[in-house]
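Student: Just so it is clear, I am handing over run_23.txt, which has compact mmCIF, C-alpha atoms.
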```
# COMPACT_ATOMS: atom_id res chain seq x y z
CA MET A 541 -32.39 13.15 -5.22
CA LEU A 542 -29.12 12.47 -7.01
CA LEU A 543 -28.80 16.10 -8.07
CA ALA A 544 -29.61 17.40 -4.61
CA ALA A 545 -27.10 15.05 -3.03
CA ALA A 546 -24.39 16.05 -5.49
CA LEU A 547 -24.98 19.74 -4.85
CA LEU A 548 -24.98 19.31 -1.10
CA ALA A 549 -21.73 17.42 -1.34
CA GLY A 550 -20.25 20.28 -3.34
CA CYS A 551 -21.22 23.15 -1.06
CA SER A 552 -17.61 24.27 -0.90
CA GLY A 553 -15.97 24.61 -4.31
CA ASP A 554 -12.42 23.76 -5.32
CA SER A 555 -10.65 25.63 -8.09
CA ASP A 556 -8.55 22.58 -8.94
CA SER A 557 -11.49 20.28 -9.66
CA GLY A 558 -14.04 20.47 -12.44
CA ALA A 559 -17.75 19.72 -12.27
CA GLY A 560 -16.78 16.09 -12.88
CA ASP A 561 -19.70 13.69 -12.86
CA ALA A 562 -22.15 16.08 -11.17
CA PRO A 563 -25.61 15.70 -12.72
CA THR A 564 -26.48 18.49 -15.15
CA ARG A 565 -29.49 19.53 -17.18
CA GLU A 566 -30.23 21.59 -20.24
CA PRO A 567 -30.30 25.29 -19.26
CA ALA A 568 -33.73 26.69 -18.42
CA THR A 569 -35.38 28.79 -21.10
CA PRO A 570 -38.32 31.20 -21.07
CA ALA A 571 -41.74 29.73 -21.75
CA VAL A 572 -43.18 30.40 -25.18
CA SER A 573 -45.65 33.24 -24.81
CA PRO A 574 -49.26 33.06 -26.02
CA PRO A 575 -50.72 35.86 -28.15
CA VAL A 576 -51.19 39.10 -26.22
CA ALA A 577 -54.59 39.09 -24.50
CA SER A 578 -54.45 42.62 -23.01
CA ALA A 579 -53.09 45.85 -24.42
CA PRO A 580 -49.54 46.42 -23.08
CA ALA A 581 -49.32 49.02 -20.32
CA GLY A 582 -47.63 52.34 -21.02
CA ASP A 583 -46.33 52.99 -24.52
CA VAL A 584 -45.02 50.64 -27.19
CA TYR A 585 -42.54 52.04 -29.69
CA PRO A 586 -41.24 50.47 -32.89
CA ALA A 587 -37.82 48.86 -32.71
CA PRO A 588 -35.51 47.79 -35.55
CA THR A 589 -35.50 44.19 -34.33
CA PRO A 590 -36.91 41.87 -31.66
CA LEU A 591 -34.85 42.06 -28.46
CA THR A 592 -33.56 39.24 -26.27
CA ALA A 593 -31.53 41.41 -23.85
CA LEU A 594 -31.77 44.98 -22.59
CA THR A 595 -29.50 47.01 -20.35
CA ALA A 596 -29.15 50.64 -19.29
CA ASP A 597 -25.96 52.67 -18.97
CA PRO A 598 -26.26 55.10 -16.04
CA GLY A 599 -23.25 57.04 -17.34
CA SER A 600 -24.79 58.12 -20.64
CA GLY A 601 -28.48 57.48 -20.05
CA PHE A 602 -28.63 55.29 -23.16
CA LEU A 603 -30.18 51.85 -23.39
CA ALA A 604 -28.93 48.95 -25.49
CA GLY A 605 -30.74 45.89 -26.81
CA LEU A 606 -29.49 42.69 -28.41
CA ASP A 607 -31.21 40.99 -31.34
CA PRO A 608 -32.09 37.25 -31.27
CA ALA A 609 -29.10 36.28 -33.44
CA GLY A 610 -26.72 38.19 -31.18
CA THR A 611 -25.15 39.94 -34.16
CA GLY A 612 -27.01 43.23 -33.93
CA LEU A 613 -27.06 45.81 -31.15
CA VAL A 614 -29.50 48.71 -30.92
CA VAL A 615 -28.46 51.75 -28.87
CA LEU A 616 -31.52 53.73 -27.79
CA ASP A 617 -31.88 57.25 -26.42
CA PRO A 618 -34.84 57.27 -24.00
CA ALA A 619 -34.70 61.06 -23.75
CA THR A 620 -36.52 61.27 -27.09
CA THR A 621 -40.08 60.16 -27.86
CA PRO A 622 -40.06 57.62 -29.35
CA PRO A 623 -36.54 56.58 -28.28
CA THR A 624 -34.08 57.22 -31.08
CA GLY A 625 -32.38 54.01 -32.15
CA HIS A 626 -28.97 53.41 -33.73
CA GLU A 627 -28.08 49.95 -35.03
CA VAL A 628 -24.60 48.53 -34.44
CA ARG A 629 -23.37 45.42 -36.24
CA LEU A 630 -21.30 43.21 -33.94
CA PRO A 631 -18.25 41.39 -35.36
CA THR A 632 -19.17 38.12 -33.60
CA PRO A 633 -22.44 36.83 -32.09
CA ALA A 634 -22.97 37.90 -28.48
CA ARG A 635 -24.72 35.84 -25.77
CA ASP A 636 -25.12 38.41 -23.04
CA LEU A 637 -25.30 42.18 -22.73
CA THR A 638 -24.47 44.21 -19.61
CA ALA A 639 -23.47 47.73 -18.64
CA GLY A 640 -19.71 48.22 -18.31
CA ILE A 641 -17.89 51.16 -16.83
CA PRO A 642 -19.91 54.39 -17.22
CA GLY A 643 -20.36 55.16 -20.91
CA GLU A 644 -20.06 51.64 -22.30
CA PHE A 645 -21.89 48.37 -22.84
CA LEU A 646 -20.29 44.93 -22.68
CA ALA A 647 -21.17 41.84 -24.72
CA ALA A 648 -19.78 38.31 -24.35
CA GLY A 649 -18.96 36.07 -27.33
CA ASP A 650 -16.87 33.10 -28.34
CA GLY A 651 -13.28 34.11 -27.59
CA VAL A 652 -14.02 37.80 -27.22
CA ILE A 653 -15.39 40.57 -25.02
CA LEU A 654 -17.01 43.36 -27.02
CA ARG A 655 -16.80 46.87 -25.52
CA ILE A 656 -19.35 49.21 -27.12
CA ASP A 657 -19.03 52.94 -26.57
CA ALA A 658 -22.53 54.19 -25.73
CA ALA A 659 -22.06 57.65 -27.26
CA ASP A 660 -20.24 56.99 -30.54
CA ARG A 661 -21.23 53.29 -30.80
CA THR A 662 -17.75 52.08 -31.71
CA VAL A 663 -16.89 48.46 -30.89
CA THR A 664 -13.57 47.36 -29.39
CA GLU A 665 -12.72 43.65 -29.33
CA VAL A 666 -10.86 42.17 -26.36
CA ALA A 667 -9.61 38.65 -27.12
CA VAL A 668 -10.18 36.09 -24.36
CA ASP A 669 -9.39 32.37 -24.38
CA GLY A 670 -12.81 30.85 -23.85
CA ASP A 671 -16.37 30.52 -25.07
CA LEU A 672 -17.81 33.36 -23.00
CA GLN A 673 -21.36 33.26 -21.68
CA THR A 674 -21.32 36.51 -19.72
CA VAL A 675 -19.14 39.45 -18.70
CA ARG A 676 -19.38 42.04 -15.94
CA ALA A 677 -17.29 45.09 -15.03
CA ARG A 678 -16.28 46.25 -11.58
CA PRO A 679 -16.06 50.00 -10.87
CA ASP A 680 -12.25 49.83 -11.05
CA GLY A 681 -12.42 48.52 -14.64
CA THR A 682 -11.69 44.88 -13.77
CA LEU A 683 -13.65 42.48 -15.96
CA ILE A 684 -15.24 39.24 -14.75
CA ALA A 685 -16.17 36.68 -17.41
CA GLY A 686 -17.89 33.31 -17.25
CA THR A 687 -17.32 30.55 -19.78
CA ALA A 688 -19.36 27.67 -21.17
CA ASP A 689 -16.93 25.14 -19.62
CA GLY A 690 -17.40 26.51 -16.11
CA ARG A 691 -14.44 28.86 -15.68
CA VAL A 692 -14.65 32.25 -14.01
CA LEU A 693 -11.99 34.63 -15.34
CA VAL A 694 -10.80 37.81 -13.65
CA LEU A 695 -9.21 40.13 -16.24
CA ASP A 696 -7.75 43.59 -16.35
CA GLY A 697 -9.18 46.16 -18.74
CA THR A 698 -7.00 44.95 -21.61
CA GLY A 699 -8.16 41.35 -21.29
CA LYS A 700 -5.11 39.99 -19.48
CA VAL A 701 -6.22 37.11 -17.24
CA GLU A 702 -5.26 37.75 -13.61
CA GLN A 703 -7.09 34.82 -12.05
CA THR A 704 -8.93 31.68 -13.20
CA LEU A 705 -11.33 29.68 -11.07
CA THR A 706 -12.74 26.34 -12.20
CA GLY A 707 -15.16 23.79 -10.83
CA LEU A 708 -18.53 24.70 -12.35
CA ALA A 709 -20.33 23.02 -15.23
CA SER A 710 -20.95 26.43 -16.80
CA ALA A 711 -20.61 30.03 -15.63
CA ASP A 712 -23.64 31.63 -17.27
CA ARG A 713 -24.46 34.79 -15.32
CA ILE A 714 -22.67 36.82 -12.64
CA ALA A 715 -23.97 39.15 -9.92
CA LEU A 716 -21.69 41.57 -8.07
CA THR A 717 -22.27 42.40 -4.39
CA GLY A 718 -19.38 44.71 -3.64
CA ASP A 719 -16.24 42.68 -4.37
CA THR A 720 -18.03 39.36 -3.92
CA LEU A 721 -19.25 37.39 -6.94
CA ALA A 722 -22.35 35.20 -7.15
CA VAL A 723 -22.08 32.96 -10.20
CA LEU A 724 -25.10 31.20 -11.69
CA ASP A 725 -24.49 27.79 -13.24
CA ARG A 726 -27.59 27.05 -15.31
CA ARG A 727 -26.57 23.48 -16.08
CA GLN A 728 -26.42 22.61 -12.37
CA THR A 729 -29.05 25.23 -11.38
CA LEU A 730 -26.49 26.31 -8.80
CA LEU A 731 -25.47 29.65 -7.26
CA THR A 732 -21.85 29.86 -6.09
CA GLU A 733 -20.18 32.59 -4.04
CA ILE A 734 -16.62 33.78 -4.69
CA GLU A 735 -15.28 36.11 -2.00
CA PRO A 736 -12.59 38.70 -2.76
CA GLY A 737 -9.05 37.38 -2.58
CA TYR A 738 -10.14 33.76 -2.58
CA GLU A 739 -8.51 31.39 -5.04
CA ASN A 740 -11.28 28.79 -4.76
CA LEU A 741 -15.00 28.69 -5.28
CA GLY A 742 -16.88 29.39 -2.07
CA LEU A 743 -20.26 28.31 -0.73
CA ALA A 744 -22.73 26.93 -3.26
CA LEU A 745 -26.50 26.50 -2.97
CA ARG A 746 -29.13 24.94 -5.15
CA ALA A 747 -31.13 27.67 -6.95
CA GLY A 748 -34.54 26.15 -7.58
CA ILE A 749 -34.94 23.46 -10.22
CA GLY A 750 -34.15 25.51 -13.31
CA ALA A 751 -32.55 28.86 -12.55
CA ALA A 752 -32.27 31.22 -15.51
CA ASN A 753 -31.16 34.73 -14.52
CA VAL A 754 -29.60 36.60 -11.62
CA ILE A 755 -29.15 40.24 -10.56
CA GLU A 756 -27.68 41.99 -7.55
CA ALA A 757 -29.46 44.35 -5.18
CA PRO A 758 -28.22 46.47 -2.23
CA ASP A 759 -27.46 44.91 1.17
CA ASN A 760 -25.58 42.00 -0.44
CA ARG A 761 -28.76 40.59 -1.97
CA VAL A 762 -28.87 38.42 -5.08
CA VAL A 763 -32.16 37.69 -6.88
CA VAL A 764 -32.67 34.63 -9.12
CA THR A 765 -35.54 33.64 -11.41
CA ASP A 766 -36.51 29.98 -11.74
CA PRO A 767 -38.96 29.68 -14.65
CA ASP A 768 -39.26 25.91 -14.27
CA SER A 769 -40.72 26.11 -10.76
CA GLY A 770 -42.23 29.58 -11.21
CA GLN A 771 -40.29 31.05 -8.28
CA LEU A 772 -38.33 34.13 -7.33
CA LEU A 773 -35.38 33.38 -5.02
CA VAL A 774 -33.57 35.97 -2.89
CA PHE A 775 -30.13 35.17 -1.47
CA THR A 776 -27.62 37.17 0.53
CA THR A 777 -23.87 36.79 0.24
CA GLU A 778 -21.02 36.72 2.79
CA PRO A 779 -22.06 34.03 3.57
CA LEU A 780 -24.36 32.74 0.84
CA VAL A 781 -27.83 32.11 2.34
CA LEU A 782 -31.25 31.63 0.76
CA ARG A 783 -33.42 34.25 2.48
CA GLN A 784 -36.67 34.33 0.54
CA ARG A 785 -38.56 32.09 -1.86
CA TYR A 786 -41.67 33.47 -3.53
CA PRO A 787 -44.13 31.75 -5.90
CA VAL A 788 -44.51 33.96 -8.97
CA GLY A 789 -45.89 31.47 -11.50
CA SER A 790 -46.17 32.14 -15.24
CA SER A 791 -42.48 31.35 -15.95
CA PRO A 792 -40.59 34.30 -14.39
CA TYR A 793 -37.55 35.02 -16.54
CA ALA A 794 -35.90 38.45 -17.02
CA LEU A 795 -35.01 40.68 -14.08
CA THR A 796 -34.18 44.29 -13.33
CA TYR A 797 -33.82 46.21 -10.08
CA ASP A 798 -35.09 49.73 -9.33
CA ARG A 799 -32.94 51.22 -6.56
CA GLY A 800 -35.27 54.18 -6.10
CA SER A 801 -38.10 51.98 -4.81
CA ASP A 802 -36.16 48.84 -3.73
CA THR A 803 -38.26 46.90 -6.20
CA VAL A 804 -37.28 43.98 -8.39
CA TRP A 805 -39.24 43.69 -11.63
CA VAL A 806 -39.71 40.26 -13.19
CA THR A 807 -41.11 39.41 -16.61
CA CYS A 808 -43.45 36.42 -16.89
CA THR A 809 -43.33 35.00 -20.39
CA GLN A 810 -46.18 32.52 -19.89
CA SER A 811 -48.65 35.34 -19.24
CA ASN A 812 -47.03 38.34 -21.00
CA GLU A 813 -46.77 40.31 -17.77
CA ILE A 814 -44.24 42.16 -15.65
CA VAL A 815 -44.55 41.99 -11.86
CA GLY A 816 -42.86 44.18 -9.25
CA TYR A 817 -41.86 42.97 -5.78
CA ASP A 818 -40.84 45.16 -2.87
CA LEU A 819 -37.83 43.55 -1.21
CA SER A 820 -37.67 45.81 1.85
CA THR A 821 -39.66 43.44 4.10
CA GLY A 822 -39.08 39.85 5.20
CA ALA A 823 -40.83 38.43 2.13
CA PRO A 824 -41.29 39.84 -1.37
CA ARG A 825 -44.49 41.92 -1.58
CA GLU A 826 -46.19 42.43 -4.93
CA VAL A 827 -46.49 46.14 -5.72
CA GLY A 828 -47.46 46.13 -9.39
CA ARG A 829 -48.50 43.87 -12.25
CA TYR A 830 -48.78 45.05 -15.85
CA PRO A 831 -49.48 43.47 -19.25
CA THR A 832 -46.52 43.49 -21.63
CA VAL A 833 -45.60 42.95 -25.23
CA ARG A 834 -45.49 39.33 -26.37
CA GLN A 835 -42.51 37.21 -25.26
CA PRO A 836 -41.01 39.71 -22.76
CA ASN A 837 -37.55 38.13 -22.55
CA ALA A 838 -35.73 41.40 -21.80
CA VAL A 839 -36.19 44.19 -19.26
CA THR A 840 -34.20 47.08 -17.81
CA VAL A 841 -34.85 50.19 -15.74
CA ASP A 842 -33.68 53.76 -16.26
CA ALA A 843 -31.82 54.52 -13.02
CA ASP A 844 -32.56 58.26 -13.25
CA THR A 845 -36.29 58.14 -14.00
CA GLY A 846 -37.34 54.70 -12.75
CA ASP A 847 -39.00 54.04 -16.12
CA LEU A 848 -39.23 50.38 -17.13
CA TYR A 849 -38.34 49.17 -20.64
CA ILE A 850 -39.41 45.74 -21.86
CA GLY A 851 -38.29 44.12 -25.10
CA SER A 852 -40.20 41.55 -27.14
CA ALA A 853 -38.15 38.61 -28.42
CA THR A 854 -40.63 37.85 -31.20
CA GLU A 855 -41.78 41.25 -32.44
CA PRO A 856 -39.82 44.48 -33.01
CA GLY A 857 -41.35 46.44 -30.14
CA LEU A 858 -40.00 48.33 -27.11
CA GLN A 859 -42.42 48.92 -24.24
CA ARG A 860 -42.04 51.78 -21.79
CA ILE A 861 -43.91 51.92 -18.48
CA SER A 862 -43.02 55.19 -16.80
CA ALA A 863 -42.63 55.59 -13.05
CA ASP A 864 -45.43 58.20 -13.16
CA GLN A 865 -47.79 55.75 -14.82
CA ARG A 866 -47.04 53.14 -12.18
CA GLU A 867 -47.63 55.62 -9.37
CA ARG A 868 -51.03 56.44 -10.89
CA GLY A 869 -51.84 52.73 -11.11
CA GLN A 870 -52.06 52.76 -14.90
```
Any chance you could put this one into structure tokens?
Tutor:
Amino acid sequence: MLLAAALLAGCSGDSDSGAGDAPTREPATPAVSPPVASAPAGDVYPAPTPLTALTADPGSGFLAGLDPAGTGLVVLDPATTPPTGHEVRLPTPARDLTAGIPGEFLAAGDGVILRIDAADRTVTEVAVDGDLQTVRARPDGTLIAGTADGRVLVLDGTGKVEQTLTGLASADRIALTGDTLAVLDRRQTLLTEIEPGYENLGLALRAGIGAANVIEAPDNRVVVTDPDSGQLLVFTTEPLVLRQRYPVGSSPYALTYDRGSDTVWVTCTQSNEIVGYDLSTGAPREVGRYPTVRQPNAVTVDADTGDLYIGSATEPGLQRISADQRERGQ
């Protein structure tokens, strides 16, 4: 009750005030997976390392995965069978991996944004004052970073800070709906909206009891996993409203969105599964459920083909479930 009351009292943020004495918790983590009981769907290819994050670059068609230590990146070419992998050693441990402007990947670290060229795999360091948890890129090249002490930084492409917003306990993940930001604070299990041009935090809503990850979807939608309560939460922004709450169970954790089918895919680490939900109706509708590799902490989708790629965080394996296989019910 204390946490709920504190969050309700803080529904409108203030950039001049920190999280203060607001109750916090340890960030939610994926459940530890049991041994695989069913053969993973699709194909499983060898990978140089276990993977804790996966992302796809629509510009180049390449995928990238992050190892558990955060010091190694694997760039994968899904056009080959099996996907050709190239290992990249990062100069500092990374905590998050996202697609940047077309042709690059972005990684967040302590005091640095790492820009990785997808084609030649070179790494450029952009110094930033802060212990970064996440970084995103807008189409115009603007960078948005979240820090462990709850700051949201708006930077130009060179890393120059153009705006700083404070008031969260931590800024762990960021979704982009147009120019609006939805920032996930794992320590407060809170989703906060920042509208374009605003100098303060906007509306904030409780996101379950242990929110872990967030992605954006068309029509100003934002999807959050809550492994602690086993739920999938769907919000819309402008203004921030909780639209849908769906019981997934089995510790839903990693997320990806397939624009071609308006489907969000969620990995369930407690059962070694991936589940797809159609978001086009008033409530999420399950459209597919497939067994995965063990500890499926990472997932992404190839925007061109609709193929799903799942990474195991405990074993060096990359799983591919093609769109054709899903259509055939395999």
Student: A:Asp818, A:Asp680, A:Asp583, A:Glu855: which is nearest Ile641 in chain A, counting only C-alpha atoms?
Tutor: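 Closest candidate: A:Asp680.
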Student: Report as JSON, numbers by chain all protein, DNA and RNA residues lying within 9 Å of Thr682 in chain A, evaluated on only C-alpha atoms, omitting residues in the same chain fewer than 2 positions from it.
Tutor: {"A": [676, 677, 678, 679, 680, 684, 694, 695, 696, 697]}
Student: Of the candidates A:Gln865, A:Thr564, A:Thr832, A:Ser852, which shows the shortest atom-to-atom distance to Pro586 in chain A, using all atoms listed in the file?
Tutor: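 Once distances to Pro586 in chain A are computed over all atoms listed in the file, the minimum belongs to A:Ser852.
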Student: Which residue, A:Thr674, A:Thr624, A:Thr638, A:Thr698, has the smallest gap to Ala587 in chain A when you use only C-alpha atoms?
Tutor: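 Checking each candidate against Ala587 in chain A, we get A:Thr624 as the closest.
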Student: Which residue is closest to Gly610 in chain A? Choose from A:Asp597, A:Glu739, A:Glu702, A:Asp650 and count all atoms listed in the file.
Tutor: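 Checking each candidate against Gly610 in chain A, we get A:Asp650 as the closest.
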Student: What would the list of residues within 8 Å of (-41.4, 39.2, -26.1) (file frame) look like as a PyMOL selection string, if only C-alpha atoms are what count?
Tutor: chain A and resi 573+590-592+809+812+833-838+851-855
Student: I want to know what sits within 6 Å of Ile861 in chain A, based on all atoms listed in the file, with residues of the same chain fewer than 2 positions away left out; could you give that as a PDB file with C-alpha atoms, in the coordinates of the input?
Tutor:
```pdb
ATOM      1  CA  GLY A 582     -47.630  52.340 -21.020  1.00  0.00           C
ATOM      2  CA  ASP A 847     -39.000  54.040 -16.120  1.00  0.00           C
ATOM      3  CA  LEU A 848     -39.230  50.380 -17.130  1.00  0.00           C
TER       4      LEU A 848
END
```
Student: Please write as an MDAnalysis selection string the list of polymer residues whose atoms come within 9 Å of (-30.9, 53.2, -19.7), counting only C-alpha atoms and keeping to the coordinates of the file.
Tutor: chainID A and resid 594:604 616:618 840:844 847 849
Student: For Gln728 in chain A, find every residue with an atom within 7 Å (counting only C-alpha atoms), except residues of its own chain fewer than 5 positions away, and show them as a ChimeraX atom specification.
Tutor: /A:563-565,709
Student: Counting only C-alpha atoms, which of A:Pro787, A:Pro622, A:Pro779, A:Pro588 gets nearest to Asp607 in chain A?
Tutor: A:Pro588
Student: Expressed in Å to a single decimal, how great is the separation between CA of Val774 in chain A and CA of Ala639 in chain A?
Tutor: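 Spanning CA of Val774 in chain A to CA of Ala639 in chain A is a straight-line distance of 22.1 Å.
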Student: I'd like to know which of A:Ala747, A:Val804, A:Gln810, A:Leu637 is closest to Gly828 in chain A, using all atoms listed in the file.
Tutor: A:Val804
Student: Skip Val754 in chain A itself and residues of its chain fewer than 4 positions away, then list as a count of residues only all residues within 8 Å of it, counting all atoms listed in the file.
Tutor: 9
Student: Could you list, as a compact mmCIF listing (two decimals) with C-alpha atoms, keeping the file's coordinate frame, every residue within 12 Å of Leu693 in chain A, counting all atoms listed in the file and ignoring same-chain residues fewer than 2 positions away?
Tutor:
```
# COMPACT_ATOMS: atom_id res chain seq x y z
CA SER A 555 -10.65 25.63 -8.09
CA ILE A 653 -15.39 40.57 -25.02
CA VAL A 668 -10.18 36.09 -24.36
CA ASP A 669 -9.39 32.37 -24.38
CA GLY A 670 -12.81 30.85 -23.85
CA ASP A 671 -16.37 30.52 -25.07
CA LEU A 672 -17.81 33.36 -23.00
CA GLN A 673 -21.36 33.26 -21.68
CA THR A 674 -21.32 36.51 -19.72
CA VAL A 675 -19.14 39.45 -18.70
CA ARG A 676 -19.38 42.04 -15.94
CA ALA A 677 -17.29 45.09 -15.03
CA THR A 682 -11.69 44.88 -13.77
CA LEU A 683 -13.65 42.48 -15.96
CA ILE A 684 -15.24 39.24 -14.75
CA ALA A 685 -16.17 36.68 -17.41
CA GLY A 686 -17.89 33.31 -17.25
CA THR A 687 -17.32 30.55 -19.78
CA ALA A 688 -19.36 27.67 -21.17
CA ASP A 689 -16.93 25.14 -19.62
CA GLY A 690 -17.40 26.51 -16.11
CA ARG A 691 -14.44 28.86 -15.68
CA LEU A 695 -9.21 40.13 -16.24
CA ASP A 696 -7.75 43.59 -16.35
CA GLY A 699 -8.16 41.35 -21.29
CA LYS A 700 -5.11 39.99 -19.48
CA VAL A 701 -6.22 37.11 -17.24
CA GLU A 702 -5.26 37.75 -13.61
CA GLN A 703 -7.09 34.82 -12.05
CA THR A 704 -8.93 31.68 -13.20
CA LEU A 705 -11.33 29.68 -11.07
CA THR A 706 -12.74 26.34 -12.20
CA ALA A 711 -20.61 30.03 -15.63
CA ILE A 714 -22.67 36.82 -12.64
CA LEU A 721 -19.25 37.39 -6.94
CA VAL A 723 -22.08 32.96 -10.20
CA ILE A 734 -16.62 33.78 -4.69
CA GLU A 739 -8.51 31.39 -5.04
```
Student: Expressed in Å to a single decimal, how great is the separation between CA of Asp864 in chain A and CA of Gly640 in chain A?
Tutor: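 We find that CA of Asp864 in chain A and CA of Gly640 in chain A lie 28.1 Å from each other.
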Student: Give me, please, the distance in Å between CA of Tyr738 in chain A and CA of Val781 in chain A, quoted to one decimal.
Tutor: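 These two atoms are separated by 18.4 Å.
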Student: Please complete range 563-570 of chain A with all heavy atoms and give it back as a compact mmCIF listing (two decimals), in the coordinates of the input.
Tutor:
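Resulting contents of selection_29.txt:
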```txt
# COMPACT_ATOMS: atom_id res chain seq x y z
N PRO A 563 -24.49 15.70 -11.78
CA PRO A 563 -25.61 15.70 -12.72
C PRO A 563 -25.88 17.10 -13.25
O PRO A 563 -25.81 18.08 -12.51
CB PRO A 563 -26.78 15.21 -11.87
CG PRO A 563 -26.16 14.50 -10.72
CD PRO A 563 -24.87 15.20 -10.45
N THR A 564 -26.16 17.20 -14.53
CA THR A 564 -26.48 18.49 -15.15
C THR A 564 -27.77 18.35 -15.95
O THR A 564 -28.29 17.26 -16.14
CB THR A 564 -25.35 18.95 -16.08
OG1 THR A 564 -25.15 17.96 -17.10
CG2 THR A 564 -24.05 19.16 -15.31
N ARG A 565 -28.26 19.48 -16.41
CA ARG A 565 -29.49 19.53 -17.18
C ARG A 565 -29.33 20.56 -18.29
O ARG A 565 -28.39 21.37 -18.28
CB ARG A 565 -30.68 19.90 -16.30
CG ARG A 565 -30.44 21.16 -15.45
CD ARG A 565 -31.73 21.83 -15.04
NE ARG A 565 -32.41 22.43 -16.17
CZ ARG A 565 -33.69 22.77 -16.18
NH1 ARG A 565 -34.42 22.56 -15.09
NH2 ARG A 565 -34.24 23.33 -17.24
N GLU A 566 -30.24 20.55 -19.24
CA GLU A 566 -30.23 21.59 -20.24
C GLU A 566 -30.62 22.91 -19.56
O GLU A 566 -31.52 22.93 -18.70
CB GLU A 566 -31.21 21.27 -21.37
CG GLU A 566 -30.74 20.17 -22.29
CD GLU A 566 -29.44 20.52 -22.99
OE1 GLU A 566 -29.35 21.61 -23.57
OE2 GLU A 566 -28.50 19.71 -22.92
N PRO A 567 -29.97 24.02 -19.90
CA PRO A 567 -30.30 25.29 -19.26
C PRO A 567 -31.78 25.65 -19.42
O PRO A 567 -32.39 25.39 -20.46
CB PRO A 567 -29.40 26.29 -19.98
CG PRO A 567 -28.25 25.47 -20.48
CD PRO A 567 -28.84 24.14 -20.84
N ALA A 568 -32.33 26.25 -18.39
CA ALA A 568 -33.73 26.69 -18.42
C ALA A 568 -33.91 27.78 -19.46
O ALA A 568 -33.02 28.61 -19.69
CB ALA A 568 -34.15 27.20 -17.04
N THR A 569 -35.05 27.79 -20.09
CA THR A 569 -35.38 28.79 -21.10
C THR A 569 -36.73 29.42 -20.77
O THR A 569 -37.53 28.84 -20.03
CB THR A 569 -35.43 28.15 -22.50
OG1 THR A 569 -36.41 27.10 -22.49
CG2 THR A 569 -34.07 27.59 -22.90
N PRO A 570 -37.01 30.59 -21.33
CA PRO A 570 -38.32 31.20 -21.07
C PRO A 570 -39.43 30.40 -21.75
O PRO A 570 -39.23 29.80 -22.81
CB PRO A 570 -38.19 32.59 -21.70
CG PRO A 570 -37.12 32.46 -22.73
CD PRO A 570 -36.15 31.45 -22.17
```
